[in-house]
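target.txt, holding compact mmCIF, C-alpha atoms:
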# COMPACT_ATOMS: atom_id res chain seq x y z
CA MET W 18 -20.37 20.45 -1.84
CA LEU W 19 -24.02 19.47 -2.36
CA LYS W 20 -27.17 21.47 -2.92
CA GLU W 21 -30.66 19.98 -3.10
CA LEU W 22 -32.75 21.54 -5.86
CA LYS W 23 -36.21 20.95 -7.23
CA CYS W 24 -36.61 19.07 -10.49
CA THR W 25 -39.20 17.19 -12.46
CA LYS W 26 -38.39 13.52 -12.88
CA PHE W 27 -39.79 11.39 -15.70
CA HIS W 28 -40.11 7.70 -14.88
CA ALA W 29 -42.22 4.88 -16.27
CA GLY W 30 -44.19 7.25 -18.46
CA ASP W 31 -45.09 9.80 -15.75
CA PHE W 32 -43.77 13.17 -14.50
CA LEU W 33 -43.08 13.55 -10.81
CA GLU W 34 -42.16 16.73 -8.93
CA SER W 35 -39.12 15.90 -6.85
CA GLU W 36 -35.72 17.09 -5.64
CA HIS W 37 -32.19 16.05 -6.52
CA GLU W 38 -28.75 16.76 -5.08
CA VAL W 39 -26.39 18.60 -7.40
CA VAL W 40 -22.76 19.55 -6.89
CA LYS W 41 -22.01 23.18 -6.02
CA GLU W 42 -20.06 25.36 -8.45
CA GLU W 43 -18.65 28.70 -7.30
CA PRO W 44 -16.31 31.36 -8.71
CA LEU W 45 -12.96 31.99 -7.05
CA SER W 46 -10.92 35.05 -8.00
CA ILE W 47 -7.19 35.00 -7.28
CA ILE W 48 -5.67 38.43 -6.61
CA ILE W 49 -1.85 38.48 -6.57
CA ASN W 50 -0.13 41.48 -5.00
CA GLY W 51 -3.24 43.56 -5.59
CA ARG W 52 -3.71 42.56 -9.26
CA HIS W 53 -6.34 40.18 -10.61
CA PHE W 54 -4.70 37.01 -11.87
CA VAL W 55 -7.58 34.67 -12.73
CA THR W 56 -11.18 33.82 -11.89
CA THR W 57 -12.06 30.16 -12.10
CA MET W 58 -15.08 28.02 -11.32
CA ILE W 59 -14.44 25.38 -8.67
CA SER W 60 -16.10 23.18 -6.10
CA PRO W 61 -15.98 25.05 -2.78
CA GLN W 62 -13.80 22.75 -0.64
CA MET W 63 -9.98 22.88 -0.38
CA LYS W 64 -9.78 26.44 -1.72
CA LYS W 65 -6.42 27.13 -0.06
CA GLU W 66 -4.90 23.96 -1.52
CA PHE W 67 -6.31 24.82 -4.93
CA VAL W 68 -4.75 28.30 -4.94
CA MET W 69 -1.36 26.97 -3.83
CA GLY W 70 -1.41 24.11 -6.33
CA HIS W 71 -2.61 26.32 -9.18
CA LEU W 72 0.08 28.95 -8.64
CA PHE W 73 2.69 26.20 -8.38
CA SER W 74 1.61 24.30 -11.50
CA GLU W 75 1.35 27.57 -13.46
CA GLY W 76 4.92 28.51 -12.52
CA ILE W 77 3.98 31.57 -10.46
CA ILE W 78 5.68 30.08 -7.39
CA ARG W 79 8.28 27.33 -7.27
CA ASP W 80 8.32 26.95 -3.49
CA VAL W 81 5.84 27.63 -0.70
CA LYS W 82 8.42 30.00 0.81
CA GLU W 83 7.62 32.42 -2.04
CA LEU W 84 4.06 32.64 -0.73
CA GLU W 85 4.15 35.39 1.87
CA SER W 86 0.41 35.54 2.52
CA LEU W 87 -2.76 33.74 1.44
CA GLN W 88 -6.13 34.94 2.72
CA ILE W 89 -9.45 33.64 1.41
CA GLU W 90 -12.70 35.49 2.08
CA GLU W 91 -15.78 34.06 0.42
CA ASN W 92 -14.96 33.98 -3.32
CA ILE W 93 -11.74 36.01 -3.30
CA ALA W 94 -8.23 34.72 -2.60
CA ASN W 95 -5.76 37.49 -1.81
CA VAL W 96 -2.18 36.37 -2.33
CA ILE W 97 1.12 38.11 -1.63
CA ILE W 98 4.20 36.57 -3.27
CA SER W 99 7.83 37.58 -2.94
CA SER W 100 8.43 37.83 -6.71
CA PRO W 101 5.53 39.83 -8.22
CA LEU W 102 7.26 40.11 -11.61
CA LYS W 103 6.61 36.40 -12.13
CA VAL W 104 2.93 37.17 -12.62
CA LEU W 105 3.70 39.59 -15.43
CA ALA W 106 6.11 37.13 -17.05
CA ALA W 107 3.82 34.12 -16.71
CA LYS W 108 2.78 32.60 -20.02
CA LYS W 109 0.69 29.49 -20.35
CA LEU W 110 2.28 26.82 -22.50
CA ILE W 111 -0.97 24.98 -23.06
CA VAL W 112 -4.57 26.13 -23.04
CA SER W 113 -6.80 23.08 -22.92
CA GLY W 114 -9.62 21.49 -21.04
CA CYS W 115 -13.29 20.77 -21.47
CA GLY W 116 -14.23 22.37 -24.76
CA GLY W 117 -10.80 23.93 -25.19
CA GLY W 118 -7.85 23.31 -27.46
CA ALA W 119 -4.12 23.80 -27.56
CA SER W 120 -3.11 27.37 -28.32
CA PHE W 121 0.62 26.83 -28.56
CA LEU W 122 3.36 24.55 -27.32
CA ASP W 123 6.80 25.98 -26.59
CA GLU W 124 8.95 22.86 -26.35
CA SER W 125 11.95 24.77 -25.02
CA LYS W 126 9.99 25.67 -21.88
CA LEU W 127 8.55 22.25 -21.12
CA PRO W 128 9.60 21.04 -17.64
CA LYS W 129 11.63 17.84 -17.37
CA ILE W 130 10.70 15.29 -14.73
CA ARG W 131 13.55 14.34 -12.40
CA SER W 132 12.59 11.03 -10.83
CA ASP W 133 13.67 7.39 -10.79
CA LEU W 134 10.26 6.21 -9.57
CA LYS W 135 9.08 2.80 -10.68
CA ILE W 136 5.77 1.40 -9.43
CA ASP W 137 4.18 -2.01 -9.59
CA ALA W 138 1.19 -2.38 -11.90
CA VAL W 139 -0.74 -3.71 -8.89
CA GLU W 140 -0.33 -0.35 -7.17
CA VAL W 141 -1.81 1.41 -10.21
CA PHE W 142 -4.90 -0.82 -10.13
CA LYS W 143 -5.31 -0.28 -6.36
CA ALA W 144 -5.00 3.50 -6.66
CA VAL W 145 -7.55 3.85 -9.46
CA LYS W 146 -9.94 1.53 -7.64
CA SER W 147 -9.62 3.56 -4.43
CA ILE W 148 -10.76 6.80 -6.10
CA SER W 149 -13.63 5.15 -7.96
CA GLY W 150 -15.87 4.78 -4.89
CA SER W 151 -16.60 8.49 -4.39
CA ASP W 152 -20.00 8.97 -2.72
CA LEU W 153 -20.20 12.48 -4.15
CA HIS W 154 -19.72 11.19 -7.68
CA ARG W 155 -22.25 8.42 -7.08
CA ILE W 156 -24.88 10.85 -5.80
CA THR W 157 -24.39 13.69 -8.28
CA GLY W 158 -22.48 12.24 -11.22
CA GLY W 159 -20.96 15.71 -11.45
CA VAL W 160 -17.40 15.61 -10.08
CA HIS W 161 -13.97 14.35 -11.02
CA VAL W 162 -11.77 12.62 -8.46
CA VAL W 163 -7.99 12.88 -8.28
CA GLY W 164 -5.74 11.08 -5.81
CA LEU W 165 -2.07 11.62 -4.94
CA PHE W 166 -0.25 8.44 -3.87
CA ASP W 167 3.16 7.11 -3.00
CA LYS W 168 4.20 3.47 -3.02
CA GLU W 169 3.05 2.97 0.56
CA SER W 170 -0.27 4.75 0.80
CA ARG W 171 -2.74 7.38 -0.29
CA ILE W 172 -1.61 10.93 0.42
CA CYS W 173 -4.67 12.96 -0.57
CA ILE W 174 -7.90 12.62 -2.56
CA SER W 175 -9.82 15.60 -3.96
CA GLU W 176 -13.16 15.98 -5.73
CA ASP W 177 -14.05 18.90 -7.99
CA ILE W 178 -16.22 19.81 -10.96
CA GLY W 179 -13.00 20.17 -12.98
CA ARG W 180 -10.31 17.52 -13.18
CA HIS W 181 -7.66 20.24 -13.53
CA ASN W 182 -8.92 21.87 -10.33
CA ALA W 183 -8.85 18.55 -8.47
CA LEU W 184 -5.26 17.99 -9.59
CA ASP W 185 -4.26 21.48 -8.42
CA LYS W 186 -5.84 20.71 -5.04
CA VAL W 187 -3.84 17.54 -4.41
CA ILE W 188 -0.66 19.31 -5.57
CA GLY W 189 -1.45 22.15 -3.17
CA TYR W 190 -2.01 19.68 -0.34
CA GLY W 191 1.33 18.05 -1.10
CA LEU W 192 3.02 21.45 -0.85
CA THR W 193 1.46 22.13 2.56
CA VAL W 194 2.83 18.88 4.02
CA ASN W 195 6.19 19.09 2.22
CA ILE W 196 5.72 16.06 -0.02
CA ASP W 197 8.55 15.16 -2.42
CA PHE W 198 6.56 14.80 -5.63
CA GLU W 199 9.26 12.79 -7.41
CA ASP W 200 8.20 9.80 -5.27
CA THR W 201 4.48 10.13 -6.00
CA PHE W 202 1.95 9.31 -8.70
CA VAL W 203 -1.55 10.50 -9.55
CA ALA W 204 -4.74 8.54 -10.22
CA CYS W 205 -7.77 10.28 -11.73
CA THR W 206 -11.22 9.55 -13.07
CA GLY W 207 -11.27 11.88 -16.07
CA ARG W 208 -9.55 12.21 -19.41
CA ILE W 209 -5.80 12.92 -19.28
CA SER W 210 -5.55 16.12 -21.31
CA SER W 211 -2.52 18.18 -22.30
CA GLU W 212 -3.06 20.46 -19.30
CA MET W 213 -3.14 17.51 -16.90
CA ALA W 214 0.11 16.24 -18.40
CA LEU W 215 1.71 19.66 -18.12
CA LYS W 216 0.63 20.17 -14.50
CA CYS W 217 2.09 16.80 -13.48
CA SER W 218 5.32 17.55 -15.32
CA ALA W 219 5.60 21.00 -13.73
CA ALA W 220 5.11 19.47 -10.27
CA ASN W 221 7.67 16.70 -11.00
CA ILE W 222 5.03 13.96 -10.61
CA PRO W 223 6.33 11.09 -12.80
CA VAL W 224 3.17 8.99 -13.35
CA ILE W 225 -0.50 9.72 -14.00
CA ALA W 226 -3.10 6.96 -14.41
CA SER W 227 -6.78 7.18 -15.29
CA LYS W 228 -9.74 4.90 -15.82
CA GLY W 229 -10.45 7.12 -18.83
CA ALA W 230 -8.71 8.06 -22.07
CA THR W 231 -5.85 10.39 -22.92
CA THR W 232 -5.14 12.74 -25.84
CA SER W 233 -2.44 12.82 -28.49
CA LEU W 234 -1.05 16.14 -27.25
CA ALA W 235 -0.85 14.86 -23.67
CA ILE W 236 1.19 11.92 -24.98
CA GLU W 237 3.44 14.25 -26.98
CA ILE W 238 4.10 16.35 -23.88
CA ALA W 239 4.73 13.26 -21.74
CA GLU W 240 7.28 11.90 -24.21
CA LYS W 241 9.25 15.15 -23.95
CA THR W 242 8.98 15.62 -20.17
CA GLY W 243 9.44 12.04 -18.93
CA LEU W 244 5.87 11.59 -17.68
CA CYS W 245 4.34 8.12 -17.74
CA ILE W 246 0.71 8.21 -18.93
CA ILE W 247 -1.58 5.26 -18.27
CA GLY W 248 -5.15 5.12 -19.53
CA PHE W 249 -8.16 2.79 -19.43
CA VAL W 250 -7.19 1.29 -16.06
CA ARG W 251 -10.05 -1.13 -15.67
CA GLY W 252 -10.20 -4.55 -14.05
CA GLU W 253 -6.79 -6.07 -14.69
CA ARG W 254 -6.04 -4.12 -17.88
CA MET W 255 -4.39 -0.80 -18.66
CA ASN W 256 -2.75 1.02 -21.56
CA VAL W 257 0.71 2.45 -20.88
CA TYR W 258 1.29 5.17 -23.50
CA THR W 259 4.63 6.69 -22.50
CA ASN W 260 7.73 5.87 -20.46
CA ARG W 261 6.78 2.23 -19.99
CA GLU W 262 9.92 1.62 -17.89
CA ARG W 263 8.26 3.30 -14.90
CA ILE W 264 5.74 0.42 -14.56
CA VAL W 265 6.89 -3.00 -13.40
CA LYS W 266 5.05 -6.21 -12.64
CA SER W 267 5.22 -8.44 -9.60
CA PRO W 268 7.26 -11.63 -9.99
Go through the file and emit its structure as structure tokens.
Amino acid sequence: MLKELKCTKFHAGDFLESEHEVVKEEPLSIIINGRHFVTTMISPQMKKEFVMGHLFSEGIIRDVKELESLQIEENIANVIISSPLKVLAAKKLIVSGCGGGASFLDESKLPKIRSDLKIDAVEVFKAVKSISGSDLHRITGGVHVVGLFDKESRICISEDIGRHNALDKVIGYGLTVNIDFEDTFVACTGRISSEMALKCSAANIPVIASKGATTSLAIEIAEKTGLCIIGFVRGERMNVYTNRERIVKSP
């Protein structure tokens, strides 16, 4: 995850030749049934979980049973799925992210969240606080952190250069251990974009909370899918933007 590289530091009016730890960024190409599907830039850990979570959140697979084989060698993930026509039919609803924008939104294809989950506001504060102490983020300042939780405990925490990648990784981990996502929620460090909202909705995760901001399109998606979006979770304050009924307070 880390690589120490040379740099020139400027401090107190002087230049100093030094070294600094930076986060690794590597390409990963996903090949499905012999055809190139996508190449993305990720942090190198949890590659298997990323591939599983990405295919799931993109609608290529709806169950791990559809994944017949997954082999990763260096920067190539070779995947065999039972329904190869899904790759040809796949169409992204939202294209967004760092520096990106929405290309189109087909409301008729938006997933609907099926969950009765309600969580205490205290649990939201605890979850966001628990992902905020990342040593990797403290050292490099170059990763996002995403955590998957249920009401009782933390299920998985992932760090990646991209918040979307980190979310795919925790979703992929949940698939490997047969987690029922309708009873979970996500805490993250970065902005809640339209793609983050769509990935949670596709995975049937009913709540996402961040110490950062959200976007208008993410809120629009959440209103239509049943996702609860919470932003600016800091100290004892938070902004609940959608589906407020999912958050309760202790008596």
Nearby residues (only C-alpha atoms) at most 8 Å from range 222-233 of chain W, same-chain spacing under 5 positions excluded, as number ranges by chain = W: 130-132, 134, 141, 145, 198-211, 214, 217, 243-251, 263
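Proximity to Glu42 in chain W was assessed for W:Leu72, W:Met255, W:Val160, W:Ala138 counting all atoms listed in the file; the smallest distance is recorded for W:Val160.
Between CA of Phe73 in chain W and CA of Asn221 in chain W the interatomic distance comes to 11.0 Å.
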Go through W:Leu22, W:Met63, W:Met213, W:Ile98 one by one, measure the shortest atom-to-atom distance of each to Asp80 in chain W using only C-alpha atoms, and give the residue with the smallest value.
-> W:Ile98
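Proximity to Ile93 in chain W was assessed for W:Glu38, W:Glu43, W:Asp152, W:Glu240 counting all atoms listed in the file; the smallest distance is recorded for W:Glu43.
Counting all atoms listed in the file, Ala144 in chain W has the following residues at most 8 Å away, ignoring those fewer than 2 positions along the same chain: Glu140, Val141, Phe142, Lys146, Ser147, Ile148, Gly164, Phe166, Arg171 and Ala204 of chain W.
Take the candidates W:Leu45, W:Ile178, W:Ala219, W:Ile238 and check each one against Ile77 in chain W using all atoms listed in the file; the shortest distance goes to W:Ala219.
For the atom pair formed by CA of Tyr190 in chain W and CA of Ile48 in chain W, the distance is 20.1 Å, given to one decimal.
Our summary of the geometry notes that CA of Val187 in chain W is positioned 12.5 Å from CA of His161 in chain W.
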Test item: residues at most 12 Å from Gly51 in chain W, all atoms listed in the file, excluding those fewer than 3 positions along its chain, as a ChimeraX atom specification = /W:46-48,54,86,93-98,101,104
Residues of the last selection are to be written out with C-alpha atoms, as a compact mmCIF listing (two decimals), keeping the file's coordinate frame.
# COMPACT_ATOMS: atom_id res chain seq x y z
CA SER W 46 -10.92 35.05 -8.00
CA ILE W 47 -7.19 35.00 -7.28
CA ILE W 48 -5.67 38.43 -6.61
CA PHE W 54 -4.70 37.01 -11.87
CA SER W 86 0.41 35.54 2.52
CA ILE W 93 -11.74 36.01 -3.30
CA ALA W 94 -8.23 34.72 -2.60
CA ASN W 95 -5.76 37.49 -1.81
CA VAL W 96 -2.18 36.37 -2.33
CA ILE W 97 1.12 38.11 -1.63
CA ILE W 98 4.20 36.57 -3.27
CA PRO W 101 5.53 39.83 -8.22
CA VAL W 104 2.93 37.17 -12.62
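When only C-alpha atoms are used to measure the gap to Asp185 in chain W, the shortest distance among W:Ile89, W:Leu127, W:Leu234, W:Val162 belongs to W:Val162.
Between Lys129 in chain W and the candidates W:Cys24, W:Ala239, W:Leu165, W:Ile264, the tightest atom-to-atom separation, counting only C-alpha atoms, involves W:Ala239.
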Tell me, as a PyMOL selection string, which residues lie within 9 Å of Pro44 in chain W, counting only C-alpha atoms; anything in the same chain fewer than 2 positions away does not count.
-> chain W and resi 42+46+56-61+92-93
Exercise: residues within 9 Å of coordinate (-2.5, 20.1, -5.1), counting all atoms listed in the file, as a VMD selection string | chain W and resid 66 to 71 73 to 74 165 173 175 182 to 193
Residues around (-25.6, 20.1, -5.9), cut-off 6 Å, counting all atoms listed in the file - what are they as a CSV table (one decimal) with C-alpha atoms, in the coordinates of the input?
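Output saved as result-v1.csv:
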chain,number,residue,atom,x,y,z
W,19,LEU,CA,-24.0,19.5,-2.4
W,20,LYS,CA,-27.2,21.5,-2.9
W,21,GLU,CA,-30.7,20.0,-3.1
W,38,GLU,CA,-28.8,16.8,-5.1
W,39,VAL,CA,-26.4,18.6,-7.4
W,40,VAL,CA,-22.8,19.6,-6.9
W,41,LYS,CA,-22.0,23.2,-6.0
